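**Student:** Below you'll find the structure I mean.
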Amino acid sequence: MNGYSIAVVPGDNIGPEVIAAGCRVLERLQDLGLCRFAFEHFPWGAGHYLRTGRAAPEDLVARLRPFDAIYFGAHGDPARVPDRVGSRELMHPLRQGLDLYVNLRPARLLPGVPSPLRDPGDIDFVVVRENTEGEYAGAGGRVHRGGPDEIAVQTTVVTRRGAERAMRFAFELARRRGGKRHVHCVTKSNALAHVMELWDETFALVAADYPDIRTGKSHVDAMSMYLIERPAAFDVIVASNLMGDILSDEAAAITGSVGLAGSANLNPARSGPSMFEPIHGSAPDIAGRGLANPLGAIRAAALMLDWLGERGAARLVDGAIDATLAAGHPRTRDLGGDAGTGAMTAAVLDRLDAPHATAPHR
Ligand code: NAI
Ligand code: MG
């Protein structure tokens with residue numbers, strides 16, 4: 001039985017609620033004899049900022065680097081701490097410091113899950129979001145603070161190397177998926193002429209190395225429309241940091257709920273741990289009431305298992321999630337039901353114990 005060290009960063013508000021659910025699933029896999037986990041918890045986020053004056057210690061990257069993987073909830077408590085603190089001191093240092101240059105966000109419409117679209121078709125695509133630079137590079141600042149001449153500058157950074165490695169990952173993924181074998185490039189080179197032209201040129205260069213993969217390209221504004229009009233047409237979508245962030249929330253909404261989607265922040269070179277999280281935020285509006293849908297966090301745990309090479313365990317967890325959704329109950333409020341986090345988690349755990357009673361996965 002293989003063992004893994006997991007750094008758990010639950011975060012704030014519903015972060016700890018959904019991460020506890022995910023950890024129960026991982027512990028159950030351990031009880032079933034599939035793999036072992038040594039968890040270490042790091043209480044970082046807005047709460048940590050209120051207690052210590054920082055969202056995370058300055059050496060956070062060095063502290064998490066020795067782990068096999070990082071399991072992250074969601075940080076943020078905007079009523080008490082400005083959101084930029086957590087981004088600057090916790091999220092972006094991890095993504096940049098651990099070189100987690102791909103943010104992978106699968107979007108699949110599952111049986112039993114209602115889509116807000118009238119005729120969604122068979123939605124099954126993955127957003128590959130560049131995760132270390134772009135609009136979220138953190139370059140910029142504010143001067144003449146508070147005065148009438150105050151200036152804020154936030155510079156988008158696109159590098160040929162940064163764009164290329166995210167795009168190569170997207171093409172390799174399209175090959176591995178073996179489905180539509182299509183990569184769609186999201187851009188905005190009509191308006192952001194400098195950075196997105198380099199992005200487009202890099203895409204054309206990378207695409208030339210993958211003649212077996214078809215390609216497409218759209219400006220992000222049109223893309224937000226196409227995801228609603230014909231989401232089933234897409235396979236792998238590659239986008240910059242901000243654009244991928246926005247489109248993947250849209251993708252979560254058309255496949256049922258933001259509470260269902262998991263994501264992986266990957267260091268494909270495997271020079272350090274990768275990080276796995278639900279795509280949603282800390283949802284302060286529903287925190288502390290046991291209402292959060294834990295399936296996004298549990299899906300993120302399955303992505304983690306898959307990345308660690310525990311394919312069988314990953315498939316077991318994915319199958320338990322899918323079967324729970326296909327059964328139509330229990331359902332949390334975001335899916336139109338009235339079940340809580342606990343009931344949803346228990347339903348997944350039951351199916352881990354009796355996997356053969358579940359519907360076949362895919
Ligand atoms: P959010 O994703 O937290 O919430 C948006 C809406 O979705 C809310 O109505 C919320 O109740 C609902 N929702 C989210 N997760 C849910 C779940 N698991 N089950 C049921 N409903 C769910 O986004 P919002 O409101 O923009 O941000 C809240 C805080 O989270 C902010 O501080 C923000 O900065 C932070 N945030 C953190 C992220 C991270 O840690 N990676 C990502 C996005 C936001
Ligand atoms: Mg987001």
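Naming scheme: A, B, ... for chains in displayed order of the structure tokens; residues 1 onward per chain; ligands 1 onward as shown.
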Ligand 1: which residues are within 9 Å, counting only C-alpha atoms and all ligand atoms? Reply as a VMD selection string.

**Tutor:** chain A and resid 11 to 15 18 45 to 46 72 to 79 81 to 84 86 to 87 91 245 249 257 to 261 277 to 287 291 to 297 332 to 335 341

**Student:** Might you pull out every residue within 9 Å of Thr345 of chain A, with only C-alpha atoms counted and same-chain residues fewer than 3 positions away left off, and present them as a list of chain:residue names?

**Tutor:**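 The neighbour list is A:Ala21, A:Gly22, A:Arg24, A:Val25, A:Asn293, A:Pro294, A:Leu295, A:Ile298, A:Gly340, A:Thr341, A:Gly342, A:Val348, A:Leu349, A:Asp350.
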
**Student:** Mind the document's chain letters and residue numbers, and return as number ranges by chain the residues of segment 35-96 of chain A that DSSP labels helix (DSSP H, G or I).

**Tutor:** A: 46-52, 60-64, 83-96

**Student:** Neighbours of Arg108 of chain A within 10 Å (only C-alpha atoms; same-chain residues fewer than 3 positions away dropped), as a VMD selection string?

**Tutor:** chain A and resid 105 111 122 to 126 232 251 to 252 254 to 256 260 to 261

**Student:** What's the separation between atom CA of Arg351 of chain A and atom CA of Asp322 of chain A, in Å to one decimal place?

**Tutor:**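 Going from atom CA of Arg351 of chain A over to atom CA of Asp322 of chain A, I get 10.0 Å.
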
**Student:** Provide the atom CA of Asn241 of chain A to atom CA of Arg118 of chain A distance in Å, to one decimal place.

**Tutor:** 29.4 Å

**Student:** Among segment 106-268 of chain A, which residues does DSSP mark as strand (DSSP E) when it is run on the backbone? Keep the chain and numbering as in the structure and answer as an MDAnalysis selection string.

**Tutor:** chainID A and resid 106:108 124:130 134:143 151:157 182:187 214:219 236:239 262:266

**Student:** Using only C-alpha atoms, please write the residues we just selected to a file, as a PDB file, in the first residue's frame.

**Tutor:**
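As written to disk, part37.pdb reads:
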ATOM      1  CA  PRO A 106     -12.724  19.634 -15.921  1.00  0.00           C
ATOM      2  CA  ALA A 107     -16.357  20.454 -16.803  1.00  0.00           C
ATOM      3  CA  ARG A 108     -18.712  17.541 -17.349  1.00  0.00           C
ATOM      4  CA  ASP A 124     -17.362  17.260 -21.441  1.00  0.00           C
ATOM      5  CA  PHE A 125     -14.457  19.647 -21.732  1.00  0.00           C
ATOM      6  CA  VAL A 126     -11.439  20.753 -19.713  1.00  0.00           C
ATOM      7  CA  VAL A 127     -10.224  24.286 -19.182  1.00  0.00           C
ATOM      8  CA  VAL A 128      -6.431  24.524 -19.069  1.00  0.00           C
ATOM      9  CA  ARG A 129      -5.699  27.830 -17.442  1.00  0.00           C
ATOM     10  CA  GLU A 130      -2.206  29.334 -17.367  1.00  0.00           C
ATOM     11  CA  GLY A 134      -0.925  36.676 -17.226  1.00  0.00           C
ATOM     12  CA  GLU A 135      -3.295  39.113 -15.575  1.00  0.00           C
ATOM     13  CA  TYR A 136      -2.556  37.621 -12.108  1.00  0.00           C
ATOM     14  CA  ALA A 137       1.230  38.008 -12.295  1.00  0.00           C
ATOM     15  CA  GLY A 138       1.032  40.572  -9.505  1.00  0.00           C
ATOM     16  CA  ALA A 139       3.041  43.199 -11.386  1.00  0.00           C
ATOM     17  CA  GLY A 140       1.961  46.747 -10.620  1.00  0.00           C
ATOM     18  CA  GLY A 141       1.156  49.048  -7.781  1.00  0.00           C
ATOM     19  CA  ARG A 142      -0.604  52.156  -6.543  1.00  0.00           C
ATOM     20  CA  VAL A 143       0.949  55.559  -6.073  1.00  0.00           C
ATOM     21  CA  ILE A 151      -2.811  55.891  -9.948  1.00  0.00           C
ATOM     22  CA  ALA A 152      -3.198  52.116 -10.063  1.00  0.00           C
ATOM     23  CA  VAL A 153      -1.308  50.010 -12.592  1.00  0.00           C
ATOM     24  CA  GLN A 154      -1.673  46.255 -13.006  1.00  0.00           C
ATOM     25  CA  THR A 155       0.437  44.819 -15.771  1.00  0.00           C
ATOM     26  CA  THR A 156      -0.432  41.631 -17.637  1.00  0.00           C
ATOM     27  CA  VAL A 157       2.651  39.487 -18.130  1.00  0.00           C
ATOM     28  CA  HIS A 182      -9.500  19.547 -30.306  1.00  0.00           C
ATOM     29  CA  VAL A 183      -7.787  22.473 -28.552  1.00  0.00           C
ATOM     30  CA  HIS A 184      -9.526  25.832 -28.497  1.00  0.00           C
ATOM     31  CA  CYS A 185      -7.443  28.925 -27.779  1.00  0.00           C
ATOM     32  CA  VAL A 186      -9.073  31.792 -25.865  1.00  0.00           C
ATOM     33  CA  THR A 187      -7.641  35.190 -26.674  1.00  0.00           C
ATOM     34  CA  ARG A 214      -7.638  20.198 -34.513  1.00  0.00           C
ATOM     35  CA  THR A 215      -7.612  23.755 -33.255  1.00  0.00           C
ATOM     36  CA  GLY A 216      -9.922  26.730 -32.902  1.00  0.00           C
ATOM     37  CA  LYS A 217      -9.579  30.242 -31.536  1.00  0.00           C
ATOM     38  CA  SER A 218     -12.050  32.764 -30.106  1.00  0.00           C
ATOM     39  CA  HIS A 219     -11.926  36.092 -28.355  1.00  0.00           C
ATOM     40  CA  VAL A 236      -9.738  21.215 -24.342  1.00  0.00           C
ATOM     41  CA  ILE A 237      -9.819  24.992 -23.889  1.00  0.00           C
ATOM     42  CA  VAL A 238      -6.601  26.880 -23.158  1.00  0.00           C
ATOM     43  CA  ALA A 239      -6.823  30.346 -21.629  1.00  0.00           C
ATOM     44  CA  GLY A 262     -12.824  20.331  -8.616  1.00  0.00           C
ATOM     45  CA  SER A 263      -9.556  21.632  -9.956  1.00  0.00           C
ATOM     46  CA  ALA A 264      -5.873  20.805 -10.025  1.00  0.00           C
ATOM     47  CA  ASN A 265      -2.983  23.272  -9.856  1.00  0.00           C
ATOM     48  CA  LEU A 266      -0.281  21.211 -11.500  1.00  0.00           C
TER      49      LEU A 266
END

**Student:** Env of Arg160 of chain A: 7 Å cut, atoms = only C-alpha atoms, seq-sep filter 4 positions within chain, self excluded. Answer as a list of chain:residue names.

**Tutor:**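 The residues that qualify are A:Glu164, A:Leu198, A:Thr202.
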
**Student:** Kindly give the distance, in Å, that separates atom CA of Ile246 of chain A and atom CA of Ala269 of chain A, rounded to a single decimal.

**Tutor:**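 Distance between the two atoms: 26.0 Å.
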
**Student:** Pro120 of chain A: which residues within 10 Å, counting only C-alpha atoms, same-chain residues fewer than 6 positions away excluded, as a list in words?

**Tutor:**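 Within the cut-off, the hits are Leu109, Pro114, Leu227, Ile228, Glu229, Arg230, Pro231, Ala232, Ile254 and Thr255 of chain A.
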
**Student:** Could you write those residues out with N, CA and C atoms, as a short mmCIF file (atom, residue, chain, number, x, y, z; two decimals), in the first residue's frame?

**Tutor:**
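File result08.cif, as written:
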data_model
loop_
_atom_site.label_atom_id
_atom_site.label_comp_id
_atom_site.auth_asym_id
_atom_site.auth_seq_id
_atom_site.Cartn_x
_atom_site.Cartn_y
_atom_site.Cartn_z
N LEU A 109 -21.11 17.52 -17.69
CA LEU A 109 -22.51 17.48 -17.24
C LEU A 109 -22.87 16.03 -16.98
N PRO A 114 -29.14 18.78 -13.14
CA PRO A 114 -29.80 19.68 -14.08
C PRO A 114 -28.87 20.82 -14.50
N LEU A 227 -19.88 29.12 -24.93
CA LEU A 227 -20.00 28.12 -23.86
C LEU A 227 -21.45 27.92 -23.46
N ILE A 228 -22.27 28.91 -23.73
CA ILE A 228 -23.70 28.78 -23.43
C ILE A 228 -24.45 28.22 -24.65
N GLU A 229 -24.03 28.67 -25.84
CA GLU A 229 -24.76 28.26 -27.06
C GLU A 229 -24.44 26.83 -27.49
N ARG A 230 -23.15 26.44 -27.41
CA ARG A 230 -22.78 25.09 -27.88
C ARG A 230 -21.61 24.52 -27.08
N PRO A 231 -21.85 24.33 -25.77
CA PRO A 231 -20.76 23.86 -24.90
C PRO A 231 -20.26 22.46 -25.26
N ALA A 232 -21.14 21.65 -25.88
CA ALA A 232 -20.73 20.27 -26.17
C ALA A 232 -19.72 20.21 -27.31
N ILE A 254 -22.84 25.93 -15.99
CA ILE A 254 -23.63 25.21 -17.00
C ILE A 254 -23.62 23.71 -16.76
N THR A 255 -22.69 23.23 -15.92
CA THR A 255 -22.70 21.80 -15.59
C THR A 255 -23.28 21.57 -14.19
#

**Student:** Identify, on the basis of only C-alpha atoms, every residue whose closest approach to Lys180 of chain A does not exceed 8 Å; exclude the query and any residue fewer than 2 positions from it along the same chain; express the result as a ChimeraX atom specification.

**Tutor:** /A:174,178,182,234-235

**Student:** With C-alpha atoms retained, write the just-selected residues as a compact mmCIF listing (two decimals), in the first residue's frame.

**Tutor:**
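What follows is the written file result_20.txt:
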# COMPACT_ATOMS: atom_id res chain seq x y z
CA ALA A 174 -6.26 16.48 -25.95
CA GLY A 178 -8.56 10.80 -27.22
CA HIS A 182 -9.50 19.55 -30.31
CA PHE A 234 -15.44 21.84 -26.91
CA ASP A 235 -12.78 19.40 -25.76

**Student:** Within 12 Å of Pro268 of chain A, counting only C-alpha atoms, which residues qualify if same-chain residues fewer than 4 places away don't, as a list in words?

**Tutor:**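 The filter keeps Leu98, Asp99, Leu100, Tyr101, Val102, Asn103, Leu104, Arg165, Ala166, Arg168, Phe169, Ala170, Glu172, Leu173, Ala264, Gly272, Pro273, Ser274, Met275, Trp307 and Leu308 of chain A.
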
**Student:** Pick from A:Ala339, A:Gly146, A:Leu242, A:Phe276: nearest to ligand 2, with only C-alpha atoms and all ligand atoms counted?

**Tutor:** A:Leu242
